[in-house]
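J.: Have a look at this one before I ask anything.
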Amino acid sequence: MKQPEKNVLEVKNLSVSFHSTAGEVQAVRDVSFSLKKGEVLAIVGESGCGKSVLCKSIMKLLPRSAQIKSGKILLNGTDITDYKEKEMQKIRGSAFSMIFQDPMTSLNPTIKIGQQIAEAILVHHPKKSREEVYNRVIELMELVGIERPKERYHLYPWHFSGGMRQRSVMTIALASNPDILFADEPTTALDVTIQAQILDLLREIQKKLGTSTILVSHDLGVVARAADRVAVMYAGKIVEIGTAEEIYYDPRHPYTWGLLRSLPAFSRGKSQLYTIPGMPPTLIDPPDGDDYACRNEYALGIDYEKMPPMFPITDTHSAATWLLDKRAPKTN
């Protein structure tokens, strides 16, 4: 009998707030999910919904104004929720690493690409010889598809195109063979053809190295080619989660419907793209009931009074909408 795969990461009822002069901003609210070895989990939603804050909370890369209010973060079964900075420094890079949005701001323009990758290796393997580090840099550059790596080792970031810079950032993130790779909108600054190449590369690396990946994006269309599972996030909460097939072919939350309808592929033959009406709620004072109610054309009376629980649809698919309650009217 095949043993179930273990979770490399479990997040349980995590809530994170920022303390500002205007009040407490509840950026992440009661979020739970798990990540298995070798899996690609996409987290999608509008800008400002809490995707990046969620990832940075797990890595403890938050500013001083932020606070983990409640919940647990389990890394390979170990609770790291209360780890201090010194403890986190030991596991960043080896346990998890991050690819940020803009590669040009992630790279130092005054240092050669090869040296920057070598530096990332030496942080976790200071006893490696110069030759070992150089060989590892060349190996990593080849892994992410940088051609003629021995020549390009000596080039600066400004010699590279956007796609090549993003590949270099990926090389740095992979320098210490992390168990989990956070990719925070890695294709935002790239054109469409390069976006596809980078996503395919992420998938290829995941298969070769067995790395688990959390892919953050505001675009459901972008993650379709890379994700095993998709979590849809709105106003600091996960409102729907399931396999990629379930989210794309059997979405159940009205917000997921809106995101899918916004894709250009669904607007062919129409004069304009569909846009979700209204604005997300302020997270300083979230509304009573369902946060999406005021933008939801299918909203029920209870949506304005009580927050919906996560309703299970299948063993892998669930959504937080009162439309899934047995008493709710049927919708198409």
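Naming works like this for the structure tokens: A, B, ... for the chains as they're shown, residue 1 at the start of each chain, ligands 1 onward in shown order.
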If you count only C-alpha atoms, which residues fall within 12 Å of region 15-20 of chain A, apart from same-chain ones fewer than 6 positions away, as a ChimeraX atom specification?
T.: /A:26-32,50-58,60,62-73,81,236-238,283-285
J.: Neighbours of region 84-97 of chain A within 8 Å (only C-alpha atoms; same-chain residues fewer than 4 positions away dropped), as a list in words?
T.: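 Once the nearby chain positions are removed, what remains is Met59, Lys60, His124, Ala173, Leu174, Ala175, Ser176, Asn177, Pro178, Asp179, Ile180, Leu181 and Phe182 of chain A.
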J.: Take the residues from that selection and write them out as an mmCIF file, in the first residue's frame, keeping C-alpha atoms.
T.:
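Result went into selection05.cif, see below:
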data_model
loop_
_atom_site.group_PDB
_atom_site.id
_atom_site.type_symbol
_atom_site.label_atom_id
_atom_site.label_comp_id
_atom_site.auth_asym_id
_atom_site.auth_seq_id
_atom_site.Cartn_x
_atom_site.Cartn_y
_atom_site.Cartn_z
ATOM 1 C CA MET A 59 9.938 33.159 6.036
ATOM 2 C CA LYS A 60 9.804 35.763 8.838
ATOM 3 C CA HIS A 124 25.514 28.152 3.743
ATOM 4 C CA ALA A 173 17.427 31.045 -4.798
ATOM 5 C CA LEU A 174 18.425 27.457 -5.655
ATOM 6 C CA ALA A 175 22.024 27.833 -4.460
ATOM 7 C CA SER A 176 21.479 25.808 -1.256
ATOM 8 C CA ASN A 177 18.964 23.249 -2.559
ATOM 9 C CA PRO A 178 15.945 24.588 -0.615
ATOM 10 C CA ASP A 179 13.054 22.277 0.251
ATOM 11 C CA ILE A 180 10.536 25.030 -0.546
ATOM 12 C CA LEU A 181 10.783 27.750 -3.185
ATOM 13 C CA PHE A 182 8.584 30.851 -2.904
#
J.: Could you name the residues that touch region 186-200 of chain A at 6 Å or less, counting only C-alpha atoms, but leaving out those on the same chain fewer than 3 positions away, as a list in words?
T.: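 Close residues of region 186-200 of chain A: Gln101, Ala183 and Arg203 of chain A.
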J.: Within 10 Å of Cys294 (chain A), counting only C-alpha atoms, which residues show up once you throw out same-chain ones fewer than 4 positions away? Write them as a PyMOL selection string, please.
T.: chain A and resi 277-281+287+290+298-299+303-304
J.: List the spatial neighbours of Ile146 (chain A) as a ChimeraX atom specification - criterion: any atom at most 10 Å away, only C-alpha atoms, same-chain residues fewer than 4 positions off excluded.
T.: /A:138-142,150,152-153,163-165,167-168,171
J.: Store the residues of this selection in a file with C-alpha atoms, as a PDB file, in the first residue's frame.
T.:
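Saved file again17.pdb follows:
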ATOM      1  CA  ILE A 138      28.316  26.866 -13.480  1.00  0.00           C
ATOM      2  CA  GLU A 139      26.107  23.836 -12.704  1.00  0.00           C
ATOM      3  CA  LEU A 140      23.303  26.070 -11.403  1.00  0.00           C
ATOM      4  CA  MET A 141      23.529  28.463 -14.347  1.00  0.00           C
ATOM      5  CA  GLU A 142      23.189  25.512 -16.723  1.00  0.00           C
ATOM      6  CA  LYS A 150      31.567  30.293 -18.114  1.00  0.00           C
ATOM      7  CA  ARG A 152      28.398  34.925 -18.546  1.00  0.00           C
ATOM      8  CA  TYR A 153      29.811  34.258 -15.065  1.00  0.00           C
ATOM      9  CA  GLY A 163      14.376  36.963 -18.623  1.00  0.00           C
ATOM     10  CA  MET A 164      18.083  36.269 -18.096  1.00  0.00           C
ATOM     11  CA  ARG A 165      18.104  38.336 -14.913  1.00  0.00           C
ATOM     12  CA  ARG A 167      17.019  33.118 -14.377  1.00  0.00           C
ATOM     13  CA  SER A 168      19.983  34.508 -12.416  1.00  0.00           C
ATOM     14  CA  THR A 171      19.975  30.443  -9.566  1.00  0.00           C
TER      15      THR A 171
END
J.: Go through region 120-220 of chain A and collect every residue that DSSP, computed from the backbone, puts in strand (DSSP E or B); the answer should be as a list in words.
T.: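 Result set for region 120-220 of chain A (strand (DSSP E or B)): Ile180, Leu181, Phe182, Ala183, Asp184, Ser212, Thr213, Ile214, Leu215, Val216 and Ser217 of chain A.
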J.: Kindly export the residues of the current selection with N, CA and C atoms, as a PDB file, in the first residue's frame.
T.:
ATOM      1  N   ILE A 180      11.700  24.269  -0.083  1.00  0.00           N
ATOM      2  CA  ILE A 180      10.536  25.030  -0.546  1.00  0.00           C
ATOM      3  C   ILE A 180      11.018  26.294  -1.244  1.00  0.00           C
ATOM      4  N   LEU A 181      10.449  26.553  -2.413  1.00  0.00           N
ATOM      5  CA  LEU A 181      10.783  27.750  -3.185  1.00  0.00           C
ATOM      6  C   LEU A 181       9.548  28.639  -3.274  1.00  0.00           C
ATOM      7  N   PHE A 182       9.655  29.868  -2.773  1.00  0.00           N
ATOM      8  CA  PHE A 182       8.584  30.851  -2.904  1.00  0.00           C
ATOM      9  C   PHE A 182       8.870  31.694  -4.144  1.00  0.00           C
ATOM     10  N   ALA A 183       7.966  31.692  -5.091  1.00  0.00           N
ATOM     11  CA  ALA A 183       8.118  32.501  -6.303  1.00  0.00           C
ATOM     12  C   ALA A 183       7.055  33.594  -6.275  1.00  0.00           C
ATOM     13  N   ASP A 184       7.455  34.797  -5.872  1.00  0.00           N
ATOM     14  CA  ASP A 184       6.520  35.907  -5.681  1.00  0.00           C
ATOM     15  C   ASP A 184       6.366  36.695  -6.989  1.00  0.00           C
ATOM     16  N   SER A 212       9.502  21.729  -3.562  1.00  0.00           N
ATOM     17  CA  SER A 212       8.116  22.177  -3.430  1.00  0.00           C
ATOM     18  C   SER A 212       8.081  23.669  -3.716  1.00  0.00           C
ATOM     19  N   THR A 213       7.043  24.123  -4.425  1.00  0.00           N
ATOM     20  CA  THR A 213       7.000  25.524  -4.860  1.00  0.00           C
ATOM     21  C   THR A 213       5.668  26.168  -4.499  1.00  0.00           C
ATOM     22  N   ILE A 214       5.743  27.393  -3.965  1.00  0.00           N
ATOM     23  CA  ILE A 214       4.553  28.222  -3.783  1.00  0.00           C
ATOM     24  C   ILE A 214       4.676  29.369  -4.773  1.00  0.00           C
ATOM     25  N   LEU A 215       3.792  29.379  -5.754  1.00  0.00           N
ATOM     26  CA  LEU A 215       3.819  30.360  -6.838  1.00  0.00           C
ATOM     27  C   LEU A 215       2.743  31.411  -6.598  1.00  0.00           C
ATOM     28  N   VAL A 216       3.166  32.650  -6.378  1.00  0.00           N
ATOM     29  CA  VAL A 216       2.236  33.747  -6.098  1.00  0.00           C
ATOM     30  C   VAL A 216       1.960  34.522  -7.378  1.00  0.00           C
ATOM     31  N   SER A 217       0.681  34.791  -7.661  1.00  0.00           N
ATOM     32  CA  SER A 217       0.339  35.545  -8.868  1.00  0.00           C
ATOM     33  C   SER A 217      -1.035  36.195  -8.709  1.00  0.00           C
TER      34      SER A 217
END
J.: I need the alpha helix (DSSP H) residues of region 73-279 of chain A per DSSP on the backbone, written as JSON, numbers by chain.
T.: {"A": [85, 86, 87, 88, 89, 90, 91, 103, 104, 105, 106, 113, 114, 115, 116, 117, 118, 119, 120, 121, 122, 123, 124, 130, 131, 132, 133, 134, 135, 136, 137, 138, 139, 140, 141, 142, 143, 149, 150, 151, 152, 162, 163, 164, 165, 166, 167, 168, 169, 170, 171, 172, 173, 192, 193, 194, 195, 196, 197, 198, 199, 200, 201, 202, 203, 204, 205, 206, 207, 208, 209, 220, 221, 222, 223, 244, 245, 246, 247, 248, 249, 254, 255, 256, 257, 258, 259, 260, 261]}
J.: Just the selected residues (C-alpha atoms), exported as a compact mmCIF listing (two decimals), in the first residue's frame, please.
T.:
# COMPACT_ATOMS: atom_id res chain seq x y z
CA GLU A 85 15.86 35.87 13.69
CA LYS A 86 19.03 33.91 14.54
CA GLU A 87 17.15 30.60 14.24
CA MET A 88 15.49 31.70 10.99
CA GLN A 89 18.84 32.63 9.44
CA LYS A 90 19.94 29.00 9.79
CA ILE A 91 16.98 27.64 7.82
CA PRO A 103 15.00 40.74 -10.66
CA MET A 104 16.77 44.08 -11.19
CA THR A 105 16.11 45.14 -7.59
CA SER A 106 17.14 41.67 -6.33
CA ILE A 113 26.47 37.61 -11.74
CA GLY A 114 28.79 34.70 -11.00
CA GLN A 115 30.08 36.34 -7.82
CA GLN A 116 26.53 36.98 -6.56
CA ILE A 117 25.61 33.31 -7.05
CA ALA A 118 28.88 32.23 -5.40
CA GLU A 119 28.10 34.45 -2.41
CA ALA A 120 24.73 32.70 -1.95
CA ILE A 121 26.48 29.32 -1.95
CA LEU A 122 29.18 30.40 0.54
CA VAL A 123 26.62 31.74 3.04
CA HIS A 124 25.51 28.15 3.74
CA ARG A 130 36.99 28.22 -4.61
CA GLU A 131 36.96 25.53 -7.32
CA GLU A 132 33.97 23.72 -5.77
CA VAL A 133 32.01 26.97 -5.55
CA TYR A 134 32.87 27.91 -9.16
CA ASN A 135 31.78 24.47 -10.44
CA ARG A 136 28.54 24.71 -8.46
CA VAL A 137 27.81 28.17 -9.93
CA ILE A 138 28.32 26.87 -13.48
CA GLU A 139 26.11 23.84 -12.70
CA LEU A 140 23.30 26.07 -11.40
CA MET A 141 23.53 28.46 -14.35
CA GLU A 142 23.19 25.51 -16.72
CA LEU A 143 20.24 24.19 -14.68
CA PRO A 149 27.76 30.06 -18.31
CA LYS A 150 31.57 30.29 -18.11
CA GLU A 151 31.44 33.41 -20.26
CA ARG A 152 28.40 34.92 -18.55
CA GLY A 162 14.83 40.69 -18.08
CA GLY A 163 14.38 36.96 -18.62
CA MET A 164 18.08 36.27 -18.10
CA ARG A 165 18.10 38.34 -14.91
CA GLN A 166 15.14 36.34 -13.60
CA ARG A 167 17.02 33.12 -14.38
CA SER A 168 19.98 34.51 -12.42
CA VAL A 169 17.74 35.28 -9.44
CA MET A 170 16.39 31.71 -9.63
CA THR A 171 19.97 30.44 -9.57
CA ILE A 172 20.65 32.36 -6.34
CA ALA A 173 17.43 31.04 -4.80
CA VAL A 192 4.37 37.04 -22.47
CA THR A 193 6.77 34.68 -24.28
CA ILE A 194 9.40 34.98 -21.52
CA GLN A 195 6.70 34.46 -18.87
CA ALA A 196 5.92 31.07 -20.39
CA GLN A 197 9.62 30.14 -20.46
CA ILE A 198 10.12 31.04 -16.79
CA LEU A 199 7.02 29.10 -15.69
CA ASP A 200 8.10 26.06 -17.69
CA LEU A 201 11.55 26.38 -16.11
CA LEU A 202 10.03 26.45 -12.60
CA ARG A 203 8.12 23.27 -13.44
CA GLU A 204 11.23 21.62 -14.86
CA ILE A 205 13.28 22.48 -11.74
CA GLN A 206 10.52 21.12 -9.51
CA LYS A 207 10.63 17.81 -11.38
CA LYS A 208 14.44 17.58 -11.44
CA LEU A 209 15.11 18.57 -7.82
CA LEU A 220 -5.10 32.81 -12.92
CA GLY A 221 -4.10 32.43 -16.55
CA VAL A 222 -0.38 32.61 -15.76
CA VAL A 223 -0.40 29.79 -13.18
CA ALA A 244 -5.81 23.10 -10.79
CA GLU A 245 -8.44 21.10 -12.71
CA GLU A 246 -11.08 21.73 -10.02
CA ILE A 247 -10.41 25.47 -9.88
CA TYR A 248 -10.38 25.94 -13.66
CA TYR A 249 -13.16 23.55 -14.65
CA PRO A 254 -18.13 33.82 -7.04
CA TYR A 255 -14.76 35.56 -6.70
CA THR A 256 -13.06 32.72 -8.60
CA TRP A 257 -15.76 33.06 -11.27
CA GLY A 258 -14.92 36.78 -11.54
CA LEU A 259 -11.17 36.14 -11.86
CA LEU A 260 -11.74 33.56 -14.60
CA ARG A 261 -14.18 35.81 -16.47
J.: Taking only C-alpha atoms into account, which of A:Thr321, A:Ser129, A:Ser47, A:Thr331 comes nearest Tyr292 (chain A)?
T.: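 For Tyr292 (chain A), the nearest of the given residues is A:Thr321.
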